[in-house]
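Engineer: Supplied structure: upload.tsv, TSV, C-alpha atoms.
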```tsv
chain	number	residue	atom	x	y	z
O	1	MET	CA	-56.34	-9.63	94.05
O	2	ASN	CA	-58.42	-9.37	90.95
O	3	GLY	CA	-56.83	-6.03	90.34
O	4	SER	CA	-53.36	-7.65	90.43
O	5	ARG	CA	-54.34	-10.19	87.79
O	6	HIS	CA	-55.61	-7.47	85.47
O	7	LEU	CA	-52.34	-5.55	85.84
O	8	ALA	CA	-50.28	-8.66	85.01
O	9	ASN	CA	-52.38	-9.35	81.94
O	10	PHE	CA	-51.91	-5.77	80.81
O	11	LEU	CA	-48.16	-6.05	81.16
O	12	VAL	CA	-48.12	-9.29	79.19
O	13	ILE	CA	-50.24	-7.77	76.46
O	14	ALA	CA	-48.07	-4.68	76.43
O	15	GLY	CA	-44.96	-6.88	76.16
O	16	ILE	CA	-46.43	-8.74	73.23
O	17	LEU	CA	-47.27	-5.48	71.54
O	18	LEU	CA	-43.76	-4.20	72.16
O	19	LEU	CA	-42.23	-7.40	70.79
O	20	LEU	CA	-44.33	-7.17	67.65
O	21	THR	CA	-43.29	-3.60	67.11
O	22	LEU	CA	-39.58	-4.41	67.32
O	23	SER	CA	-40.00	-7.31	64.90
O	24	ALA	CA	-41.69	-5.08	62.30
O	25	SER	CA	-39.06	-2.32	62.46
O	26	GLY	CA	-36.15	-4.81	62.14
O	27	ARG	CA	-37.39	-6.54	58.96
O	28	VAL	CA	-34.59	-7.51	56.49
O	29	VAL	CA	-35.02	-6.31	52.86
O	30	ARG	CA	-34.66	-9.13	50.36
O	31	GLY	CA	-31.79	-8.93	47.81
O	32	ARG	CA	-32.88	-7.11	44.66
O	33	LEU	CA	-31.02	-6.48	41.37
O	34	ALA	CA	-30.87	-2.95	39.92
O	35	ALA	CA	-29.41	-1.86	36.53
O	36	ASN	CA	-28.01	1.50	35.46
O	37	PRO	CA	-28.60	2.80	32.85
O	38	SER	CA	-31.96	1.42	31.94
O	39	PRO	CA	-33.07	1.60	29.16
O	40	VAL	CA	-29.83	1.39	27.15
O	41	SER	CA	-29.59	3.62	24.06
O	42	PHE	CA	-26.89	3.39	21.39
O	43	GLY	CA	-27.94	6.23	19.11
O	44	ASN	CA	-26.44	6.21	15.58
O	45	THR	CA	-24.07	3.32	14.93
O	46	GLN	CA	-22.41	2.48	11.63
O	47	ALA	CA	-23.76	-0.63	9.95
O	48	GLY	CA	-21.16	-3.38	10.08
O	49	ALA	CA	-19.37	-1.76	13.01
O	50	ALA	CA	-20.03	-2.22	16.73
O	51	ALA	CA	-20.73	0.07	19.66
O	52	SER	CA	-20.68	-0.85	23.35
O	53	ARG	CA	-22.37	0.34	26.50
O	54	THR	CA	-21.45	-0.59	30.07
O	55	VAL	CA	-24.31	-1.40	32.43
O	56	ALA	CA	-23.80	-1.42	36.20
O	57	LEU	CA	-25.62	-4.25	38.00
O	58	SER	CA	-25.96	-3.79	41.76
O	59	ASN	CA	-27.63	-5.51	44.71
O	60	ALA	CA	-29.89	-2.94	46.31
O	61	GLY	CA	-31.14	-5.29	49.04
O	62	GLU	CA	-29.80	-6.66	52.32
O	63	THR	CA	-29.38	-10.32	51.36
O	64	ASP	CA	-27.46	-12.02	48.59
O	65	VAL	CA	-28.96	-12.09	45.10
O	66	THR	CA	-27.82	-14.42	42.32
O	67	ILE	CA	-28.16	-13.70	38.59
O	68	THR	CA	-28.99	-17.07	37.12
O	69	ARG	CA	-29.75	-16.39	33.46
O	70	ALA	CA	-29.57	-13.66	30.82
O	71	THR	CA	-31.81	-13.72	27.76
O	72	MET	CA	-31.18	-11.42	24.78
O	73	SER	CA	-33.60	-10.37	22.08
O	74	GLY	CA	-33.29	-8.06	19.07
O	75	ALA	CA	-31.07	-8.19	15.97
O	76	GLY	CA	-27.57	-6.83	16.46
O	77	PHE	CA	-27.52	-6.87	20.28
O	78	SER	CA	-25.29	-9.09	22.43
O	79	LEU	CA	-24.20	-9.35	26.04
O	80	ASN	CA	-20.54	-9.67	27.07
O	81	ASN	CA	-18.47	-9.71	30.22
O	82	LEU	CA	-21.07	-11.41	32.40
O	83	SER	CA	-20.31	-14.96	33.58
O	84	LEU	CA	-23.35	-16.70	35.11
O	85	PRO	CA	-24.44	-17.68	37.65
O	86	LEU	CA	-23.14	-14.66	39.55
O	87	THR	CA	-23.90	-13.86	43.21
O	88	LEU	CA	-23.89	-10.27	44.41
O	89	GLN	CA	-23.63	-9.54	48.11
O	90	PRO	CA	-25.60	-6.62	49.56
O	91	GLY	CA	-24.31	-3.26	48.34
O	92	THR	CA	-21.95	-4.70	45.71
O	93	THR	CA	-21.87	-3.91	42.00
O	94	THR	CA	-20.64	-5.63	38.86
O	95	SER	CA	-20.69	-4.53	35.24
O	96	ALA	CA	-21.79	-6.06	31.97
O	97	THR	CA	-21.11	-4.92	28.41
O	98	ILE	CA	-23.89	-4.74	25.86
O	99	MET	CA	-22.82	-4.60	22.22
O	100	PHE	CA	-24.76	-3.23	19.26
O	101	ALA	CA	-23.66	-4.19	15.73
O	102	PRO	CA	-26.49	-3.23	13.37
O	103	PRO	CA	-26.58	-5.48	10.29
O	104	GLY	CA	-28.00	-2.66	8.18
O	105	SER	CA	-29.59	0.76	8.20
O	106	GLY	CA	-32.69	1.59	10.24
O	107	ASN	CA	-34.11	1.44	13.75
O	108	TYR	CA	-33.33	-1.55	15.96
O	109	SER	CA	-34.80	-2.49	19.33
O	110	GLY	CA	-34.31	-5.37	21.74
O	111	SER	CA	-34.02	-6.30	25.38
O	112	VAL	CA	-31.97	-8.21	27.89
O	113	SER	CA	-33.81	-10.12	30.62
O	114	LEU	CA	-31.92	-10.99	33.80
O	115	ASP	CA	-33.40	-13.74	36.02
O	116	THR	CA	-32.44	-13.66	39.69
O	117	VAL	CA	-32.99	-15.63	42.88
O	118	ALA	CA	-32.69	-14.16	46.35
O	119	GLU	CA	-31.47	-15.84	49.52
O	120	ASP	CA	-34.96	-16.99	50.48
O	121	HIS	CA	-35.44	-18.65	47.03
O	122	VAL	CA	-37.69	-15.90	45.71
O	123	THR	CA	-37.15	-15.43	41.98
O	124	ASP	CA	-37.37	-12.18	40.06
O	125	ARG	CA	-36.65	-10.78	36.62
O	126	ILE	CA	-35.57	-7.35	35.41
O	127	VAL	CA	-35.79	-6.34	31.76
O	128	LEU	CA	-33.56	-3.69	30.14
O	129	SER	CA	-34.89	-2.17	26.93
O	130	LEU	CA	-32.31	-1.69	24.15
O	131	GLY	CA	-32.44	0.68	21.19
O	132	GLY	CA	-30.18	1.95	18.42
O	133	TYR	CA	-30.13	3.22	14.85
O	134	GLY	CA	-27.99	1.66	12.13
O	135	VAL	CA	-26.60	4.08	9.58
O	136	SER	CA	-24.83	3.33	6.32
O	137	ALA	CA	-21.06	2.92	6.44
O	138	GLU	CA	-19.07	6.09	5.98
O	139	VAL	CA	-17.40	6.03	2.58
O	140	LEU	CA	-15.22	8.91	1.43
O	141	ILE	CA	-15.54	9.54	-2.31
O	142	ALA	CA	-12.87	11.30	-4.38
O	143	ASN	CA	-13.80	13.12	-7.60
O	144	PRO	CA	-11.85	12.52	-9.72
O	145	LEU	CA	-10.15	9.39	-8.44
O	146	SER	CA	-7.04	10.27	-10.48
O	147	GLU	CA	-5.57	13.61	-11.49
O	148	THR	CA	-3.83	13.78	-14.88
O	149	PHE	CA	-2.01	17.06	-15.49
O	150	GLY	CA	-0.74	16.30	-19.00
O	151	ASN	CA	2.29	18.16	-20.33
O	152	VAL	CA	3.60	20.94	-18.13
O	153	GLN	CA	6.71	22.93	-19.00
O	154	VAL	CA	9.54	22.73	-16.50
O	155	GLY	CA	9.48	25.90	-14.41
O	156	SER	CA	5.72	26.24	-14.78
O	157	SER	CA	2.79	24.85	-12.74
O	158	ALA	CA	-0.60	23.38	-13.52
O	159	ASN	CA	-3.59	23.26	-11.14
O	160	LEU	CA	-6.52	20.86	-10.96
O	161	TYR	CA	-9.43	20.70	-8.51
O	162	GLU	CA	-10.17	17.68	-6.29
O	163	THR	CA	-13.39	17.09	-4.30
O	164	LEU	CA	-13.89	14.75	-1.32
O	165	THR	CA	-17.46	13.82	-0.31
O	166	ASN	CA	-18.85	11.99	2.73
O	167	SER	CA	-21.42	9.55	1.31
O	168	GLY	CA	-22.28	7.92	4.66
O	169	GLY	CA	-24.58	8.78	7.52
O	170	LEU	CA	-22.01	9.62	10.20
O	171	THR	CA	-19.34	12.30	10.36
O	172	ILE	CA	-16.02	11.52	8.68
O	173	THR	CA	-12.91	13.13	10.14
O	174	ILE	CA	-9.98	13.48	7.72
O	175	SER	CA	-6.79	13.43	9.77
O	176	GLN	CA	-3.99	13.16	7.19
O	177	ALA	CA	-3.28	13.84	3.50
O	178	ASP	CA	0.07	12.29	2.55
O	179	LEU	CA	1.70	13.05	-0.82
O	180	THR	CA	4.22	11.00	-2.75
O	181	GLY	CA	5.89	11.89	-6.04
O	182	ALA	CA	8.19	14.78	-6.97
O	183	GLY	CA	6.52	18.00	-8.05
O	184	PHE	CA	3.05	17.36	-6.62
O	185	SER	CA	1.43	19.49	-3.91
O	186	ILE	CA	-2.00	20.41	-2.55
O	187	SER	CA	-3.50	23.57	-1.09
O	188	GLY	CA	-6.81	24.60	0.41
O	189	LEU	CA	-7.21	21.54	2.65
O	190	THR	CA	-6.84	22.30	6.38
O	191	LEU	CA	-6.64	19.24	8.64
O	192	PRO	CA	-8.11	17.76	10.72
O	193	LEU	CA	-11.37	18.27	8.87
O	194	ALA	CA	-14.82	16.90	9.81
O	195	LEU	CA	-17.33	16.22	7.03
O	196	THR	CA	-20.92	15.60	8.05
O	197	ALA	CA	-23.23	13.36	6.00
O	198	ASN	CA	-23.21	14.34	2.29
O	199	GLN	CA	-20.82	17.24	2.94
O	200	SER	CA	-17.96	17.93	0.49
O	201	VAL	CA	-14.68	19.81	0.43
O	202	THR	CA	-12.83	21.00	-2.68
O	203	PHE	CA	-9.11	21.76	-2.76
O	204	THR	CA	-6.36	22.33	-5.34
O	205	ALA	CA	-3.80	19.83	-6.58
O	206	THR	CA	-0.71	21.30	-8.26
O	207	PHE	CA	1.99	19.83	-10.51
O	208	THR	CA	5.28	21.70	-10.81
O	209	PRO	CA	7.65	19.40	-12.70
O	210	THR	CA	11.21	19.33	-11.44
O	211	GLY	CA	12.54	17.99	-14.73
O	212	ALA	CA	11.59	16.70	-18.14
O	213	GLY	CA	9.82	13.34	-18.32
O	214	ALA	CA	6.86	11.47	-16.90
O	215	ALA	CA	6.09	11.84	-13.18
O	216	SER	CA	3.65	9.94	-10.99
O	217	GLY	CA	2.58	10.06	-7.38
O	218	SER	CA	-0.39	9.68	-5.11
O	219	LEU	CA	-2.38	11.47	-2.46
O	220	SER	CA	-3.30	9.21	0.47
O	221	VAL	CA	-6.26	10.55	2.48
O	222	VAL	CA	-6.45	9.05	5.98
O	223	SER	CA	-9.77	9.24	7.87
O	224	ASN	CA	-12.17	7.21	9.98
O	225	ALA	CA	-14.13	6.22	6.86
O	226	SER	CA	-14.54	2.54	6.08
O	227	ASN	CA	-12.39	2.88	2.92
O	228	SER	CA	-9.46	4.65	4.57
O	229	PRO	CA	-6.88	5.31	3.32
O	230	LEU	CA	-8.32	6.67	0.08
O	231	ASN	CA	-5.62	6.87	-2.60
O	232	ILE	CA	-5.82	9.39	-5.44
O	233	ALA	CA	-3.44	8.79	-8.34
O	234	LEU	CA	-1.42	11.74	-9.66
O	235	SER	CA	0.41	11.92	-13.00
O	236	GLY	CA	1.94	14.45	-15.33
O	237	THR	CA	4.77	14.96	-17.77
O	238	GLY	CA	7.41	17.62	-17.46
O	239	THR	CA	8.46	19.11	-20.78
O	240	ALA	CA	11.76	20.86	-21.37
O	241	THR	CA	11.74	24.62	-21.55
O	242	VAL	CA	11.40	25.68	-25.20
O	243	GLN	CA	13.18	28.85	-26.20
O	244	HIS	CA	11.30	30.28	-29.14
O	245	THR	CA	12.76	32.98	-31.38
O	246	VAL	CA	11.35	35.27	-34.06
O	247	ASP	CA	13.55	35.98	-37.12
O	248	LEU	CA	12.82	39.32	-38.78
O	249	SER	CA	14.15	40.75	-42.05
O	250	TRP	CA	13.33	43.72	-44.25
O	251	ASN	CA	14.44	45.49	-47.38
O	252	ALA	CA	17.50	47.66	-46.88
O	253	SER	CA	17.16	51.45	-47.17
O	254	ALA	CA	19.78	53.24	-49.32
O	255	ASP	CA	20.37	56.07	-46.84
O	256	ALA	CA	20.25	53.99	-43.69
O	257	VAL	CA	23.24	53.40	-41.49
O	258	GLY	CA	21.22	51.15	-39.18
O	259	TYR	CA	17.81	50.09	-38.06
O	260	ASN	CA	15.67	49.95	-34.91
O	261	VAL	CA	13.21	47.14	-34.22
O	262	TYR	CA	9.99	47.72	-32.27
O	263	ARG	CA	7.57	45.22	-30.75
O	264	GLY	CA	4.08	45.38	-29.30
O	265	THR	CA	1.36	42.99	-28.12
O	266	VAL	CA	-1.52	44.89	-29.76
O	267	SER	CA	-1.84	45.43	-33.49
O	268	GLY	CA	-1.16	49.06	-34.33
O	269	GLY	CA	0.93	49.67	-31.20
O	270	PRO	CA	2.01	50.99	-28.89
O	271	TYR	CA	5.47	49.53	-29.63
O	272	SER	CA	8.68	49.35	-27.62
O	273	MET	CA	12.18	49.25	-29.10
O	274	ILE	CA	13.79	45.87	-28.42
O	275	ASN	CA	17.29	46.25	-29.92
O	276	ALA	CA	19.90	47.45	-27.45
O	277	SER	CA	21.87	49.33	-30.10
O	278	LEU	CA	21.44	50.34	-33.71
O	279	ASP	CA	21.27	47.23	-35.90
O	280	GLY	CA	23.56	47.60	-38.89
O	281	SER	CA	21.96	44.77	-40.90
O	282	SER	CA	18.52	44.33	-42.38
O	283	ALA	CA	17.72	41.34	-40.16
O	284	TYR	CA	17.09	40.81	-36.46
O	285	THR	CA	16.40	37.81	-34.17
O	286	ASP	CA	14.11	38.33	-31.18
O	287	ASN	CA	14.93	35.67	-28.53
O	288	THR	CA	12.94	37.22	-25.66
O	289	VAL	CA	9.51	35.97	-26.67
O	290	VAL	CA	7.15	34.03	-24.38
O	291	SER	CA	5.29	30.85	-25.33
O	292	GLY	CA	1.65	31.36	-26.21
O	293	GLN	CA	2.00	35.10	-26.86
O	294	THR	CA	1.31	37.06	-30.07
O	295	TYR	CA	3.64	39.90	-31.06
O	296	TYR	CA	3.51	42.70	-33.63
O	297	TYR	CA	6.73	44.11	-35.14
O	298	VAL	CA	7.74	47.23	-37.04
O	299	ALA	CA	11.17	48.60	-38.01
O	300	THR	CA	12.60	52.07	-38.65
O	301	ALA	CA	15.66	53.24	-40.61
O	302	VAL	CA	18.21	55.68	-39.18
O	303	ASP	CA	20.46	57.79	-41.47
O	304	SER	CA	23.87	59.26	-40.83
O	305	GLY	CA	22.34	62.32	-39.25
O	306	SER	CA	20.56	60.15	-36.70
O	307	GLN	CA	17.26	60.91	-38.30
O	308	GLU	CA	14.77	58.05	-37.82
O	309	SER	CA	12.14	57.15	-40.37
O	310	GLY	CA	8.56	56.29	-39.64
O	311	TYR	CA	7.41	52.76	-38.84
O	312	SER	CA	7.53	50.13	-41.55
O	313	ASN	CA	4.61	47.88	-42.32
O	314	GLU	CA	3.60	45.75	-39.31
O	315	THR	CA	4.22	42.02	-39.21
O	316	GLN	CA	2.77	39.49	-36.77
O	317	ALA	CA	4.37	36.49	-35.00
O	318	VAL	CA	2.35	33.90	-33.02
O	319	ILE	CA	4.53	32.01	-30.49
O	320	PRO	CA	3.62	28.32	-29.96
O	321	ASN	CA	2.71	26.98	-26.50
O	322	PRO	CA	4.99	25.57	-25.29
```
How does the structure come out when it is put into structure tokens?
Structural biologist:
Amino acid sequence: MNGSRHLANFLVIAGILLLLTLSASGRVVRGRLAANPSPVSFGNTQAGAAASRTVALSNAGETDVTITRATMSGAGFSLNNLSLPLTLQPGTTTSATIMFAPPGSGNYSGSVSLDTVAEDHVTDRIVLSLGGYGVSAEVLIANPLSETFGNVQVGSSANLYETLTNSGGLTITISQADLTGAGFSISGLTLPLALTANQSVTFTATFTPTGAGAASGSLSVVSNASNSPLNIALSGTGTATVQHTVDLSWNASADAVGYNVYRGTVSGGPYSMINASLDGSSAYTDNTVVSGQTYYYVATAVDSGSQESGYSNETQAVIPNP
């Protein structure tokens, strides 16, 4: 009989132990807020502009968790897209947007603190560290800001050089270069073009007037710089083609039946004959000269026997430009 009582007590004790074991293994995990990513880094961000990062907020527990308050710290940081209080059921996720708008250049740091309360009234707080670097605004500089070609003869071209420089801290991408104005063109600028901080590119601007008179235009450079579009003024004047001539004359030779006229570009020759046929007078007009060139002339006399004399004294003609 005593043995039966001991067995019953053992079974009761064993049942209690078994009950305790089941209770421990079936424990419910309290609701808990988790954030991803954490910390939140913005890297380089242009001063005066804004960058955003999306943070996923999830309930990693097995009971509801409620976000009751969000507290921000740090210049330039703000929290958007999170209406509080907000309750997350187990296994669910929401998102919040953190903005970074640095007021100037330099390192910036901050944090966002999220206060929570679980289903059993236990409060908690998670803190996300925030960091970013403000860089100066990207400004694209043109040198010169206007291109003046001056007088250019119709049918000719004039070239000038233009330089674009990234004066900011972030990369500038030039996407378009739009020209207006007749006769203006550019070369040596392949788009799209990325300019890193302090990098420059030089290209050629050309004016080929289509007629006489003043001409104006502009080059509009489109980019992601803060001063886009950058407009470069273009101007020039087309001048009419000037046909210069050189009038030559010499003393007549008694035995001559005609004369040949020779021209060279170096004093003392060599010379080339420029008259198509024997010139019967003692004068000749050369209308094939080029502006800006210097010519040297000599003449010879030809008698009735087709004998040609030696060269006369040399004379020089300087052609104006234009």
Engineer: Residues within 9 Å of Ala215 of chain O, please, as a compact mmCIF listing (two decimals) with C-alpha atoms, in the coordinates of the input. Count only C-alpha atoms; anything in the same chain fewer than 5 positions from it doesn't count.
Structural biologist:
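For reference, result20.txt as written:
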```txt
# COMPACT_ATOMS: atom_id res chain seq x y z
CA GLY O 181 5.89 11.89 -6.04
CA ALA O 182 8.19 14.78 -6.97
CA GLY O 183 6.52 18.00 -8.05
CA PRO O 209 7.65 19.40 -12.70
CA LEU O 234 -1.42 11.74 -9.66
CA SER O 235 0.41 11.92 -13.00
CA GLY O 236 1.94 14.45 -15.33
CA THR O 237 4.77 14.96 -17.77
CA GLY O 238 7.41 17.62 -17.46
```
Engineer: So that I can see what lies close to Leu79 of chain O, please list as a list in words the residues with an atom at most 9 Å from it, counting all atoms listed in the file and leaving out residues fewer than 6 positions away in the same chain.
Structural biologist: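 Non-adjacent residues within range: Ala70, Thr71, Met72, Ala96, Thr97, Ile98, Met99 and Val112 of chain O.
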Engineer: So how many Å separate atom CA of Gly155 of chain O and atom CA of His244 of chain O, to one decimal?
Structural biologist: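 Between these atoms lies a distance of 15.5 Å.
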Engineer: Atom CA of Ser226 of chain O and atom CA of Ser111 of chain O, how far apart in Å?
Structural biologist: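 Pair atom CA of Ser111 of chain O / atom CA of Ser226 of chain O returns 28.8 Å.
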Engineer: Given all atoms listed in the file as the basis, pick out the residue of O:Asn260, O:Ser136, O:Thr265, O:Ser58 nearest to Ser277 of chain O.
Structural biologist: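 Distance minimum relative to Ser277 of chain O lands on O:Asn260.
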Engineer: Smallest atom-to-atom distance to Thr180 of chain O: which of O:Asn231, O:Gln293, O:Asn81, O:Thr239, using all atoms listed in the file?
Structural biologist: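 When distances to Thr180 of chain O are compared using all atoms listed in the file, the smallest one comes from O:Asn231.
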Engineer: Go ahead and compute the interatomic distance for atom CA of Asp255 of chain O and atom CA of Asp279 of chain O, in Å to one decimal.
Structural biologist: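 About the pair atom CA of Asp255 of chain O and atom CA of Asp279 of chain O: they are 14.1 Å apart.
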Engineer: For a cut-off of 12 Å around (-22.2, 14.5, 5.7), file coordinates, pick out all residues using all atoms listed in the file and list them as a list in words.
Structural biologist: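 Here is the list of nearby residues: Val135, Ser136, Ala137, Glu138, Val139, Leu140, Ile141, Leu164, Thr165, Asn166, Ser167, Gly168, Gly169, Leu170, Thr171, Ile172, Thr173, Leu193, Ala194, Leu195, Thr196, Ala197, Asn198, Gln199, Ser200, Val201 and Ala225 of chain O.
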Engineer: Once you have the residues from the selection above, write them out as a short mmCIF file (atom, residue, chain, number, x, y, z; two decimals), in the frame of the given file, restricted to C-alpha atoms.
Structural biologist:
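out10.cif, written as the output of this step:
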```cif
data_model
loop_
_atom_site.label_atom_id
_atom_site.label_comp_id
_atom_site.auth_asym_id
_atom_site.auth_seq_id
_atom_site.Cartn_x
_atom_site.Cartn_y
_atom_site.Cartn_z
CA VAL O 135 -26.60 4.08 9.58
CA SER O 136 -24.83 3.33 6.32
CA ALA O 137 -21.06 2.92 6.44
CA GLU O 138 -19.07 6.09 5.98
CA VAL O 139 -17.40 6.03 2.58
CA LEU O 140 -15.22 8.91 1.43
CA ILE O 141 -15.54 9.54 -2.31
CA LEU O 164 -13.89 14.75 -1.32
CA THR O 165 -17.46 13.82 -0.31
CA ASN O 166 -18.85 11.99 2.73
CA SER O 167 -21.42 9.55 1.31
CA GLY O 168 -22.28 7.92 4.66
CA GLY O 169 -24.58 8.78 7.52
CA LEU O 170 -22.01 9.62 10.20
CA THR O 171 -19.34 12.30 10.36
CA ILE O 172 -16.02 11.52 8.68
CA THR O 173 -12.91 13.13 10.14
CA LEU O 193 -11.37 18.27 8.87
CA ALA O 194 -14.82 16.90 9.81
CA LEU O 195 -17.33 16.22 7.03
CA THR O 196 -20.92 15.60 8.05
CA ALA O 197 -23.23 13.36 6.00
CA ASN O 198 -23.21 14.34 2.29
CA GLN O 199 -20.82 17.24 2.94
CA SER O 200 -17.96 17.93 0.49
CA VAL O 201 -14.68 19.81 0.43
CA ALA O 225 -14.13 6.22 6.86
#
```
Engineer: I need the residue nearest Leu86 of chain O from this list: O:Thr63, O:Pro102, O:Asn251, O:Asp115. Use only C-alpha atoms for the distance.
Structural biologist: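 The closest residue to Leu86 of chain O is O:Asp115.
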Engineer: Using only C-alpha atoms, find the one residue out of O:Asn151, O:Arg32, O:Thr315, O:Leu219 that sits nearest to Phe184 of chain O.
Structural biologist: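 Looking only at the distances to Phe184 of chain O, the closest residue turns out to be O:Leu219.
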Engineer: Quick one: of O:Pro90, O:Gly104, O:Gly269, O:Gly150, who's nearest to Ala47 of chain O, counting only C-alpha atoms?
Structural biologist: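 Once distances to Ala47 of chain O are computed over only C-alpha atoms, the minimum belongs to O:Gly104.
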Engineer: So which one's closest to Tyr295 of chain O, O:Asp64, O:Glu314, O:Asp178, O:Glu308? Using all atoms listed in the file, please.
Structural biologist: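 Result for the nearest residue to Tyr295 of chain O: O:Glu314.
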Engineer: Given the point (-25.1, -21.6, 37.7) in the coordinates of this file, which residues lie within 9 Å, counting all atoms listed in the file, and how would they look as a tab-separated table (two decimals) with C-alpha atoms, in the coordinates of the input?
Structural biologist:
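Final output, out-v7.tsv:
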```tsv
chain	number	residue	atom	x	y	z
O	66	THR	CA	-27.82	-14.42	42.32
O	67	ILE	CA	-28.16	-13.70	38.59
O	68	THR	CA	-28.99	-17.07	37.12
O	69	ARG	CA	-29.75	-16.39	33.46
O	84	LEU	CA	-23.35	-16.70	35.11
O	85	PRO	CA	-24.44	-17.68	37.65
O	86	LEU	CA	-23.14	-14.66	39.55
```
Engineer: Would you kindly return, as JSON, numbers by chain, each protein, DNA or RNA residue with an atom no farther than 10 Å from any atom of segment 117-132 of chain O, considering all atoms listed in the file and excluding same-chain residues fewer than 6 positions away?
Structural biologist: {"O": [30, 31, 32, 33, 34, 35, 36, 37, 38, 39, 40, 41, 42, 43, 44, 45, 51, 55, 61, 62, 63, 64, 65, 66, 67, 68, 69, 70, 71, 72, 73, 74, 76, 77, 87, 88, 98, 100, 101, 102, 106, 107, 108, 109, 110, 111]}
